[in-house]
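Quick notes on the structure that follows.
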Amino acid sequence: MIPEELAEMALFERETQQQYQHQINVCVASGCLSLQSDQIRESLEKEVRRRGEERWCQVRGVGCMGLCTAGPLVSVGPFTDPAAALYQEVQVSDSLDIIDSLGEGAVSRLVCPTDGPFFQRQVRVVLENSGQIDPERIEDYIAADGYEGLLKVLTEMNPSDVIEQMTRSGLRGRGGGGYPTSLKWTTVAKAVGPRKFVICNADEGDPGAFMDRSVLESDPHRVLEGMAIAAYAVGAGEGYIYVRAEYPLAIKRLRQAIHQAERLGLLGNRIFGTTFSFHVEVRLGAGAFVCGEETALIASIEGKRGTPRPRPPYPAEYGLWGYPTLINNVETFASVAPIIRNGGDWYARIGTEKSAGTKVFALAGRVTNTGIIEVPMGITLRDIIYEMGGGIPDGHAFKAVQTGGPSGGCIPEDYLDMAVDYDSLVQVGSIMGSGGMIIMDDTSSMVDVARFFIEFCMSESCGKCVPCRVGTVHIHDLLTRISEGMASMGDLSTLVELCEMVRNTSLCGLGQSAPNPVLSTLRFFRDEYLAHIRA
Amino acid sequence: MLREKYASEIDTLRSRFAHRRSAVLPMLYLAQDEYGSLGEEVVREVADVLDLPPTDIFEVVGFYTLFYDRPVGTWMIQVCDDAPCCYCGAEEVMAALKEQLGICENETTEDGMFTIQRVKCLAACGNAPAIQVNLAYLYDVTPEKIDGMLRDLRSRAERGETFRLSGRDADDYTLAPDGSLQRIERRLGKTPEPQPSAA
């Protein structure tokens with residue numbers, strides 16, 4: 001493909017879509033599908049065909065629209081249509097009314113108010129195409145300015161300009177650590193090696209986190225484009241996407257997306273006729289949480305046990321097969337193309353000074369609106385849970401929110417007005433993590449919650465270093481004793497001592513952060529521990 | 001046998017990486033799909049195909065949850081027992097499974113039909129509790145539907161409609177009120193043009 005063809009293709013696709021006076025998008029992501037949104041789609045299609053209107057009215061399946069609790073969701077467009085609206089809890093029997101309403105006015109009983117906080121407070125950068133395009137058609141992605149960022153870097157920018165834009169954007173690693181993305185890119189770009197690699201870490205595994213799966217299923221090309229731009233910036237020619245084998249649909253769509261992009265010459269040799277070549281391949285994990293740690297992930301691609309190794313040397317200098325390797329998370333790569341298209345300064349204006357941009361969160365647990373949201377950094381937890389999440393269901397009271405998965409902590413009500421960014425979460429003993437938020441109500445015992453997360457770390461510990469392998473087992477035993485009312489005050493101090501030792505002496509992030517859920521619940525819910533001991 | 005049956009796949013795998021060892025995981029998936037599990041004989045065969053010491057393969061098999069070193073059932077049922085799923089009743093689902101099948105975790109029913117296992121987050125927290133059966137997602141599972149689900153899985157196995165352990169042909173399902181599996185059809189994009197009938 002030559003550069004002009006991309007614009008032509010986008011234009012052609014947009015014109016084709018504009019020929020439709022009406023567009024009905026049915027959400028066919030897992031949330032809505034389990035509520036039979038496929039049957040709704042079918043009946044809409046049938047009705048459109050019966051009326052012979054298929055040339056003017058398009059019915060499409062699209063990726064996740066976010067508000068899974070109100071599903072099945074159906075949106076009607078374009079926005080100029082008087083009937084343009086988002087419909088919630090649609091049933092098959094509503095199809096007639098929806099089609100009758102086209103060009104007239106929305107079906108009021110089904111309208112899902114999009115002026116509510118759930119939608120209005122969102123700023124969609126990573127999810128801009130989710131629920132808007134068909135993830136299995138590259139043409140749809142191209143019509144939504146897809147691969148324009150890649151074209152721009154290959155034809156107008158040299159690698160250092162790309163990194164400069166990333167520096168300006170202030171983007172920090174979305175996998176959890178929050179390391180500035182541009183610094184990582186700079187190190188890999190400066191590293192010398194006959195080959196370099198770019199790896200996308202899609203080994204999502206934190207309890208309560210399902211954002212990466214949603215991004216890969218709803219917009220796979222965005223991740224590929226981000227990887228290709230990164231590869232150009234750091235001088236890499238090959239890339240791997242390391243995905244959990246548990247995500248069959250994401251794997252299928254990624255493979256399909258790579259195939260489509262290669263066929264159009266957007267990946268592979270001499271992209272856009274330039275000297276830049278980039279090949280991507282999907283690698284499957286095999287069910288090991290620790291493989292999300294970058295050195296363990298590399299070991300797994302190399303065909304070994306997924307155990308971490310001490311750093312330095314960092315993968316940026318000594319990574320896959322010893323070559324300089326850039327590893328970023330799915331969401332990080334998904335943020336790259338919009339940054340390049342709109343400029344780093346544009347991105348830096350979103351969010352806070354030290355944590356720029358947006359973050360995708362998955363809401364799970366005891367909250368009214370479970371689902372996926374993308375919000376600017378700096379929003380408060382209260383806004384996320386009460387405004388966007390709709391509060392706690394069944395008349396219960398909020399108790400804590402768990403962020404950062406097994407490496408994070410539980411944040412109590414007192415801190416709900418805190419702005420969400422990397423640094424403030426660390427201050428209260430949690431971390432940003434990959435974006436899972438588990439909301440807990442007053443029925444949850446915090447000792448049990450701590451035990452839950454330690455159990456997770458215990459079963460996922462790779463066993464390489466002693467503090468993590470043995471320490472997590474002992475922490476788990478102590479917590480079990482506490483929750484069964486068998487513990488003494490001495491056990492509590494042993495617990496703290498043990499937690500600190502595991503934190504200070506473990507080899508990798510999994511072990512170092514494993515005690516966090518215990519320490520943070522001890523900090524904020526000490527009473528509950530004491531109540532168990534005295535009981 | 002692997003070498004003959006999957007010659008082209010093996011060639012591709014071996015030629016794709018700078019180091020033979022990188023082909024271990026994909027190769028193990030292939031072998032597991034073929035034999036159902038990765039016992040000693042199978043591991044030795046994989047080692048032979050890749051020309052690696054068998055210990056290199058054994059250690060990998062032992063490390064990853066999705067590689068099984070002993071025979072497992074036709075259906076490998078993996079129940080997510082992470083916090084969001086437990087909030088919505090994963091333990092009750094697990095209990096129902098154990099009761100109906102009369103086995104504990106990591107055991108296989110005598111007829112070789114089912115194995116149950118606890119796993120960590122399957123990233124379907126929005127549709128909790130979620131389980132996977134040979135890596136196919138089943139969403140919104142309830143204890144009441146377990147009976148119907150097992151019956152459906154059994155009859156599928158009798159008809160030969162199983163999916164491979166590697167999840168290569170896995171799909172997404174929800175459970176009908178009677179517990180039978182309902183395939184979630186994710187037809188995307190534009191309506192295909194209706195085909196003119198043959199007449």
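Chain labels A, B, ... are given in the sequence in which chains occur in the structure tokens; within each chain residues are numbered consecutively from 1, and ligands are likewise numbered from 1 in the order shown.
All residues of protein, DNA or RNA that reach within 10 Å of Arg526 in chain A, judged by only C-alpha atoms and not counting those fewer than 5 positions away in the chain, are A:Met446, A:Val447, A:Leu519, A:Ser520, A:Thr521, A:Ala531.
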Let me see the file: selected residues, N, CA, C and O atoms, as a PDB file, in the first residue's frame.
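Result went into selection.pdb, see below:
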```pdb
ATOM      1  N   MET A 446     -12.890  -7.989  55.883  1.00  0.00           N
ATOM      2  CA  MET A 446     -11.634  -7.573  55.272  1.00  0.00           C
ATOM      3  C   MET A 446     -10.508  -8.572  55.534  1.00  0.00           C
ATOM      4  O   MET A 446      -9.569  -8.655  54.765  1.00  0.00           O
ATOM      5  N   VAL A 447     -10.615  -9.338  56.611  1.00  0.00           N
ATOM      6  CA  VAL A 447      -9.611 -10.373  56.842  1.00  0.00           C
ATOM      7  C   VAL A 447      -9.718 -11.425  55.735  1.00  0.00           C
ATOM      8  O   VAL A 447      -8.721 -11.879  55.178  1.00  0.00           O
ATOM      9  N   LEU A 519      -1.261  -5.657  54.359  1.00  0.00           N
ATOM     10  CA  LEU A 519      -0.828  -4.457  55.064  1.00  0.00           C
ATOM     11  C   LEU A 519      -1.859  -3.345  54.974  1.00  0.00           C
ATOM     12  O   LEU A 519      -2.112  -2.632  55.946  1.00  0.00           O
ATOM     13  N   SER A 520      -2.484  -3.194  53.803  1.00  0.00           N
ATOM     14  CA  SER A 520      -3.441  -2.092  53.679  1.00  0.00           C
ATOM     15  C   SER A 520      -4.724  -2.371  54.468  1.00  0.00           C
ATOM     16  O   SER A 520      -5.298  -1.462  55.055  1.00  0.00           O
ATOM     17  N   THR A 521      -5.159  -3.633  54.528  1.00  0.00           N
ATOM     18  CA  THR A 521      -6.347  -3.898  55.346  1.00  0.00           C
ATOM     19  C   THR A 521      -5.995  -3.768  56.830  1.00  0.00           C
ATOM     20  O   THR A 521      -6.810  -3.316  57.627  1.00  0.00           O
ATOM     21  N   ALA A 531     -11.012  -7.777  66.305  1.00  0.00           N
ATOM     22  CA  ALA A 531     -12.274  -8.417  66.685  1.00  0.00           C
ATOM     23  C   ALA A 531     -12.172  -9.931  66.519  1.00  0.00           C
ATOM     24  O   ALA A 531     -12.672 -10.690  67.352  1.00  0.00           O
TER      25      ALA A 531
END
```
As a VMD selection string, please: the residues near Lys120 in chain B (cut-off 8 Å, only C-alpha atoms, same-chain neighbours under 2 positions excluded). (chain A and resid 205 207 456) or (chain B and resid 80 to 82 118 122)
Just to be explicit: take each residue in the selection above, keep N, CA and C atoms, and write the result as a PDB file, in the first residue's frame.
```pdb
ATOM      1  N   GLY A 205      -4.174 -10.571  34.264  1.00  0.00           N
ATOM      2  CA  GLY A 205      -4.565 -11.645  35.163  1.00  0.00           C
ATOM      3  C   GLY A 205      -5.021 -11.179  36.525  1.00  0.00           C
ATOM      4  N   PRO A 207      -7.191 -10.136  39.508  1.00  0.00           N
ATOM      5  CA  PRO A 207      -8.615 -10.351  39.776  1.00  0.00           C
ATOM      6  C   PRO A 207      -9.389  -9.053  39.547  1.00  0.00           C
ATOM      7  N   PHE A 456      -4.293 -15.979  46.278  1.00  0.00           N
ATOM      8  CA  PHE A 456      -3.990 -15.782  44.861  1.00  0.00           C
ATOM      9  C   PHE A 456      -2.475 -15.808  44.650  1.00  0.00           C
TER      10      PHE A 456
ATOM     11  N   CYS B  80     -13.593 -20.183  37.927  1.00  0.00           N
ATOM     12  CA  CYS B  80     -12.899 -19.008  38.441  1.00  0.00           C
ATOM     13  C   CYS B  80     -13.348 -18.791  39.880  1.00  0.00           C
ATOM     14  N   ASP B  81     -12.384 -18.797  40.814  1.00  0.00           N
ATOM     15  CA  ASP B  81     -12.786 -18.609  42.211  1.00  0.00           C
ATOM     16  C   ASP B  81     -12.182 -17.320  42.766  1.00  0.00           C
ATOM     17  N   ASP B  82     -12.052 -16.321  41.880  1.00  0.00           N
ATOM     18  CA  ASP B  82     -11.499 -15.053  42.317  1.00  0.00           C
ATOM     19  C   ASP B  82     -12.572 -14.175  42.947  1.00  0.00           C
ATOM     20  N   ARG B 118      -9.855 -25.432  39.992  1.00  0.00           N
ATOM     21  CA  ARG B 118     -10.038 -24.022  40.321  1.00  0.00           C
ATOM     22  C   ARG B 118      -9.003 -23.220  39.567  1.00  0.00           C
ATOM     23  N   LEU B 122     -10.614 -15.145  35.181  1.00  0.00           N
ATOM     24  CA  LEU B 122     -10.791 -15.411  33.761  1.00  0.00           C
ATOM     25  C   LEU B 122     -11.182 -14.149  33.000  1.00  0.00           C
TER      26      LEU B 122
END
```
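Checking A:Gly193, A:Gly409, A:Gly319, A:Gly208 one by one against Cys85 in chain B, counting only C-alpha atoms, you find the shortest gap at A:Gly208.
The space between CA of Gly268 in chain A and CA of Gly235 in chain A spans 14.5 Å.
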Do me a favour and pick out the residues of chain B within 8 Å of chain A, using only C-alpha atoms, as a PyMOL selection string. chain B and resi 19+21-26+56+59-60+63-67+82-84+87+120-127+135-136+139-140+166-174+184-191
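For the pair CA of Pro517 in chain A and CA of Ala450 in chain A, the interatomic distance is 5.4 Å.
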Just the alpha helix (DSSP H) stuff from range 238-316 of chain A, please, per backbone DSSP, written as a VMD selection string. chain A and resid 248 to 263 294 to 301
Check range 35-125 of chain A with DSSP on the backbone and list each residue it calls strand (DSSP E or B), as number ranges by chain. A: 57-62, 74-77, 85-87, 111
Atoms kept (all heavy atoms) for selection, written as a short mmCIF file (atom, residue, chain, number, x, y, z; two decimals), in the first residue's frame:
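The resulting file, result.cif, is shown below:
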```cif
data_model
loop_
_atom_site.label_atom_id
_atom_site.label_comp_id
_atom_site.auth_asym_id
_atom_site.auth_seq_id
_atom_site.Cartn_x
_atom_site.Cartn_y
_atom_site.Cartn_z
N CYS A 57 -30.58 1.33 5.42
CA CYS A 57 -30.46 1.09 6.85
C CYS A 57 -29.49 -0.05 7.11
O CYS A 57 -29.65 -1.15 6.59
CB CYS A 57 -31.84 0.73 7.40
SG CYS A 57 -31.77 0.42 9.16
N GLN A 58 -28.47 0.26 7.89
CA GLN A 58 -27.44 -0.75 8.16
C GLN A 58 -27.57 -1.26 9.59
O GLN A 58 -27.69 -0.47 10.52
CB GLN A 58 -26.08 -0.10 7.96
CG GLN A 58 -24.93 -1.05 8.06
CD GLN A 58 -23.60 -0.33 8.06
OE1 GLN A 58 -23.48 0.77 8.56
NE2 GLN A 58 -22.60 -0.96 7.48
N VAL A 59 -27.54 -2.57 9.73
CA VAL A 59 -27.54 -3.15 11.07
C VAL A 59 -26.17 -3.80 11.27
O VAL A 59 -25.73 -4.59 10.44
CB VAL A 59 -28.65 -4.23 11.22
CG1 VAL A 59 -28.61 -4.85 12.60
CG2 VAL A 59 -30.00 -3.62 10.95
N ARG A 60 -25.47 -3.40 12.32
CA ARG A 60 -24.13 -3.95 12.52
C ARG A 60 -23.96 -4.48 13.94
O ARG A 60 -24.61 -4.01 14.87
CB ARG A 60 -23.05 -2.88 12.36
CG ARG A 60 -23.08 -2.08 11.14
CD ARG A 60 -21.80 -1.30 11.01
NE ARG A 60 -21.61 -0.31 12.06
CZ ARG A 60 -20.48 0.37 12.22
NH1 ARG A 60 -19.45 0.13 11.43
NH2 ARG A 60 -20.37 1.27 13.15
N GLY A 61 -23.05 -5.42 14.09
CA GLY A 61 -22.62 -5.83 15.42
C GLY A 61 -21.35 -5.08 15.74
O GLY A 61 -20.49 -4.94 14.87
N VAL A 62 -21.22 -4.55 16.93
CA VAL A 62 -20.01 -3.82 17.31
C VAL A 62 -19.52 -4.33 18.66
O VAL A 62 -20.19 -5.08 19.35
CB VAL A 62 -20.26 -2.30 17.38
CG1 VAL A 62 -20.55 -1.72 16.01
CG2 VAL A 62 -21.36 -1.97 18.36
N VAL A 74 -28.23 -1.08 22.30
CA VAL A 74 -28.35 -0.87 20.86
C VAL A 74 -28.23 0.62 20.63
O VAL A 74 -28.84 1.41 21.37
CB VAL A 74 -29.72 -1.36 20.34
CG1 VAL A 74 -29.91 -0.98 18.88
CG2 VAL A 74 -29.86 -2.87 20.51
N SER A 75 -27.40 1.04 19.66
CA SER A 75 -27.36 2.48 19.40
C SER A 75 -27.84 2.75 17.98
O SER A 75 -27.63 1.95 17.07
CB SER A 75 -25.95 3.03 19.63
OG SER A 75 -25.12 2.68 18.56
N VAL A 76 -28.51 3.89 17.82
CA VAL A 76 -29.04 4.27 16.52
C VAL A 76 -28.37 5.57 16.10
O VAL A 76 -28.21 6.49 16.90
CB VAL A 76 -30.57 4.44 16.59
CG1 VAL A 76 -31.10 5.02 15.29
CG2 VAL A 76 -31.23 3.12 16.88
N GLY A 77 -27.92 5.62 14.86
CA GLY A 77 -27.24 6.81 14.38
C GLY A 77 -27.54 7.02 12.92
O GLY A 77 -28.38 6.31 12.37
N ALA A 85 -30.07 7.57 19.28
CA ALA A 85 -30.15 7.37 20.72
C ALA A 85 -29.41 6.09 21.08
O ALA A 85 -29.07 5.28 20.21
CB ALA A 85 -31.61 7.25 21.18
N LEU A 86 -29.20 5.93 22.37
CA LEU A 86 -28.69 4.67 22.88
C LEU A 86 -29.85 3.99 23.60
O LEU A 86 -30.52 4.61 24.42
CB LEU A 86 -27.53 4.90 23.85
CG LEU A 86 -26.94 3.63 24.47
CD1 LEU A 86 -26.20 2.82 23.42
CD2 LEU A 86 -25.98 3.97 25.60
N TYR A 87 -30.11 2.74 23.27
CA TYR A 87 -31.21 2.02 23.91
C TYR A 87 -30.65 0.99 24.88
O TYR A 87 -29.65 0.34 24.61
CB TYR A 87 -32.05 1.30 22.86
CG TYR A 87 -32.79 2.24 21.94
CD1 TYR A 87 -32.76 2.04 20.57
CD2 TYR A 87 -33.50 3.33 22.45
CE1 TYR A 87 -33.44 2.89 19.71
CE2 TYR A 87 -34.18 4.19 21.59
CZ TYR A 87 -34.14 3.96 20.23
OH TYR A 87 -34.81 4.80 19.40
N VAL A 111 -34.89 4.46 25.84
CA VAL A 111 -33.71 5.33 25.79
C VAL A 111 -32.90 5.21 27.07
O VAL A 111 -33.41 5.28 28.18
CB VAL A 111 -34.13 6.79 25.55
CG1 VAL A 111 -32.93 7.71 25.73
CG2 VAL A 111 -34.70 6.93 24.16
#
```
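Ranking A:Ser108, A:Thr368, A:Thr352, A:Thr275 by their shortest atom-to-atom distance to Asp394 in chain A, with only C-alpha atoms included, puts A:Thr368 first.
Proximity ranking of A:Met432, A:Leu320, A:Asp442, A:Val215 relative to Gly404 in chain A places A:Met432 first, based on only C-alpha atoms.
For the choices A:Glu331, A:Val290, A:Leu510, A:Leu224, the atom-to-atom distance to Thr358 in chain A is smallest for A:Glu331 when using only C-alpha atoms.
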Show me, as a PyMOL selection string, the residues that have an atom within 10 Å of Asp152 in chain B when counting only C-alpha atoms, minus same-chain residues fewer than 4 positions from it. chain B and resi 146-148+156-158+178-181
Mind dumping the selected residues with N, CA, C and O atoms as a PDB file, in the first residue's frame?
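Ended up saving to part.pdb:
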```
ATOM      1  N   ILE B 146     -26.257 -26.192  36.692  1.00  0.00           N
ATOM      2  CA  ILE B 146     -25.134 -27.131  36.552  1.00  0.00           C
ATOM      3  C   ILE B 146     -25.581 -28.475  35.998  1.00  0.00           C
ATOM      4  O   ILE B 146     -24.955 -29.034  35.100  1.00  0.00           O
ATOM      5  N   ASP B 147     -26.697 -28.977  36.507  1.00  0.00           N
ATOM      6  CA  ASP B 147     -27.184 -30.283  36.082  1.00  0.00           C
ATOM      7  C   ASP B 147     -27.393 -30.311  34.571  1.00  0.00           C
ATOM      8  O   ASP B 147     -26.873 -31.185  33.865  1.00  0.00           O
ATOM      9  N   GLY B 148     -28.137 -29.323  34.072  1.00  0.00           N
ATOM     10  CA  GLY B 148     -28.415 -29.252  32.632  1.00  0.00           C
ATOM     11  C   GLY B 148     -27.141 -29.083  31.829  1.00  0.00           C
ATOM     12  O   GLY B 148     -26.967 -29.656  30.752  1.00  0.00           O
ATOM     13  N   ARG B 156     -22.926 -33.771  24.089  1.00  0.00           N
ATOM     14  CA  ARG B 156     -22.035 -33.272  23.042  1.00  0.00           C
ATOM     15  C   ARG B 156     -20.852 -34.210  22.834  1.00  0.00           C
ATOM     16  O   ARG B 156     -20.444 -34.474  21.696  1.00  0.00           O
ATOM     17  N   ALA B 157     -20.309 -34.677  23.947  1.00  0.00           N
ATOM     18  CA  ALA B 157     -19.161 -35.581  23.843  1.00  0.00           C
ATOM     19  C   ALA B 157     -19.564 -36.858  23.121  1.00  0.00           C
ATOM     20  O   ALA B 157     -18.810 -37.386  22.307  1.00  0.00           O
ATOM     21  N   GLU B 158     -20.791 -37.337  23.409  1.00  0.00           N
ATOM     22  CA  GLU B 158     -21.247 -38.561  22.739  1.00  0.00           C
ATOM     23  C   GLU B 158     -21.398 -38.345  21.240  1.00  0.00           C
ATOM     24  O   GLU B 158     -21.173 -39.243  20.444  1.00  0.00           O
ATOM     25  N   ASP B 178     -32.539 -24.035  31.173  1.00  0.00           N
ATOM     26  CA  ASP B 178     -32.430 -25.457  31.524  1.00  0.00           C
ATOM     27  C   ASP B 178     -30.975 -25.904  31.653  1.00  0.00           C
ATOM     28  O   ASP B 178     -30.697 -27.079  31.869  1.00  0.00           O
ATOM     29  N   GLY B 179     -30.044 -24.970  31.497  1.00  0.00           N
ATOM     30  CA  GLY B 179     -28.646 -25.292  31.690  1.00  0.00           C
ATOM     31  C   GLY B 179     -27.918 -25.685  30.421  1.00  0.00           C
ATOM     32  O   GLY B 179     -26.704 -25.837  30.438  1.00  0.00           O
ATOM     33  N   SER B 180     -28.627 -25.852  29.297  1.00  0.00           N
ATOM     34  CA  SER B 180     -27.929 -26.249  28.079  1.00  0.00           C
ATOM     35  C   SER B 180     -27.101 -25.074  27.553  1.00  0.00           C
ATOM     36  O   SER B 180     -27.416 -23.922  27.792  1.00  0.00           O
ATOM     37  N   LEU B 181     -26.037 -25.417  26.849  1.00  0.00           N
ATOM     38  CA  LEU B 181     -25.138 -24.389  26.348  1.00  0.00           C
ATOM     39  C   LEU B 181     -25.749 -23.656  25.159  1.00  0.00           C
ATOM     40  O   LEU B 181     -26.203 -24.287  24.208  1.00  0.00           O
TER      41      LEU B 181
END
```
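The coordinates place CA of Ala143 in chain A at 25.7 Å from CA of Ile99 in chain A.
Closest approach to Gln132 in chain B from the set B:Gly36, B:Tyr6, B:Glu144, B:Gln117 is made by B:Gln117, with distances taken over only C-alpha atoms.
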Which residues are near range 121-127 of chain A? Cut-off 8 Å, only C-alpha atoms, ignore same chain within fewer than 3 positions. Put them as a PyMOL selection string. chain A and resi 117-118+130+215+331+334-335+338+358+360+373-376+388
Output for the residues just chosen: N, CA and C atoms as a short mmCIF file (atom, residue, chain, number, x, y, z; two decimals), in the first residue's frame:
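Saved to out-v6.cif:
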```
data_model
loop_
_atom_site.label_atom_id
_atom_site.label_comp_id
_atom_site.auth_asym_id
_atom_site.auth_seq_id
_atom_site.Cartn_x
_atom_site.Cartn_y
_atom_site.Cartn_z
N PRO A 117 -23.79 10.50 34.31
CA PRO A 117 -22.35 10.51 34.57
C PRO A 117 -21.60 9.33 33.98
N PHE A 118 -22.26 8.19 33.87
CA PHE A 118 -21.53 7.03 33.36
C PHE A 118 -20.90 7.33 32.01
N SER A 130 -14.26 1.42 20.59
CA SER A 130 -15.01 0.30 21.16
C SER A 130 -16.50 0.58 21.08
N VAL A 215 -10.32 -4.56 25.16
CA VAL A 215 -9.65 -3.78 24.11
C VAL A 215 -9.25 -4.70 22.95
N GLU A 331 -2.86 -1.56 27.03
CA GLU A 331 -3.46 -0.22 27.09
C GLU A 331 -2.45 0.86 26.71
N ALA A 334 -2.26 0.85 23.09
CA ALA A 334 -3.52 1.35 22.53
C ALA A 334 -3.61 2.86 22.63
N SER A 335 -2.81 3.47 23.52
CA SER A 335 -2.85 4.93 23.65
C SER A 335 -1.93 5.62 22.64
N PRO A 338 -3.48 7.53 19.04
CA PRO A 338 -4.11 8.85 19.23
C PRO A 338 -3.11 9.92 19.65
N THR A 358 -5.69 9.34 30.14
CA THR A 358 -6.86 8.64 30.65
C THR A 358 -6.46 7.26 31.13
N VAL A 360 -8.28 3.29 31.74
CA VAL A 360 -9.45 2.42 31.62
C VAL A 360 -9.59 1.62 32.91
N ILE A 373 -14.96 1.49 31.98
CA ILE A 373 -15.02 2.93 31.78
C ILE A 373 -13.63 3.47 31.50
N GLU A 374 -13.57 4.58 30.81
CA GLU A 374 -12.30 5.26 30.61
C GLU A 374 -12.45 6.68 31.13
N VAL A 375 -11.61 7.03 32.08
CA VAL A 375 -11.76 8.34 32.73
C VAL A 375 -10.44 9.08 32.72
N PRO A 376 -10.50 10.41 32.79
CA PRO A 376 -9.24 11.16 32.90
C PRO A 376 -8.62 10.91 34.27
N MET A 388 -20.44 7.34 38.49
CA MET A 388 -20.41 6.51 37.29
C MET A 388 -20.86 5.09 37.61
#
```
Show me, as a list in words, the residues that have an atom within 6 Å of Ala356 in chain A when counting only C-alpha atoms, minus same-chain residues fewer than 3 positions from it. Gly170, Leu171, Ala348, Ile350, Gly351 and Thr352 of chain A
When you look at Tyr232 in chain A with a cut-off of 8 Å (counting only C-alpha atoms), what residues show up, excluding the ones that are within fewer than 5 positions of it in the same chain? I need them as number ranges by chain. A: 153-154, 159, 237, 276
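When only C-alpha atoms are used to compute distances to Asp11 in chain B, the closest of the residues B:Ala128, B:Leu175, B:Val119, B:Met27 turns out to be B:Met27.
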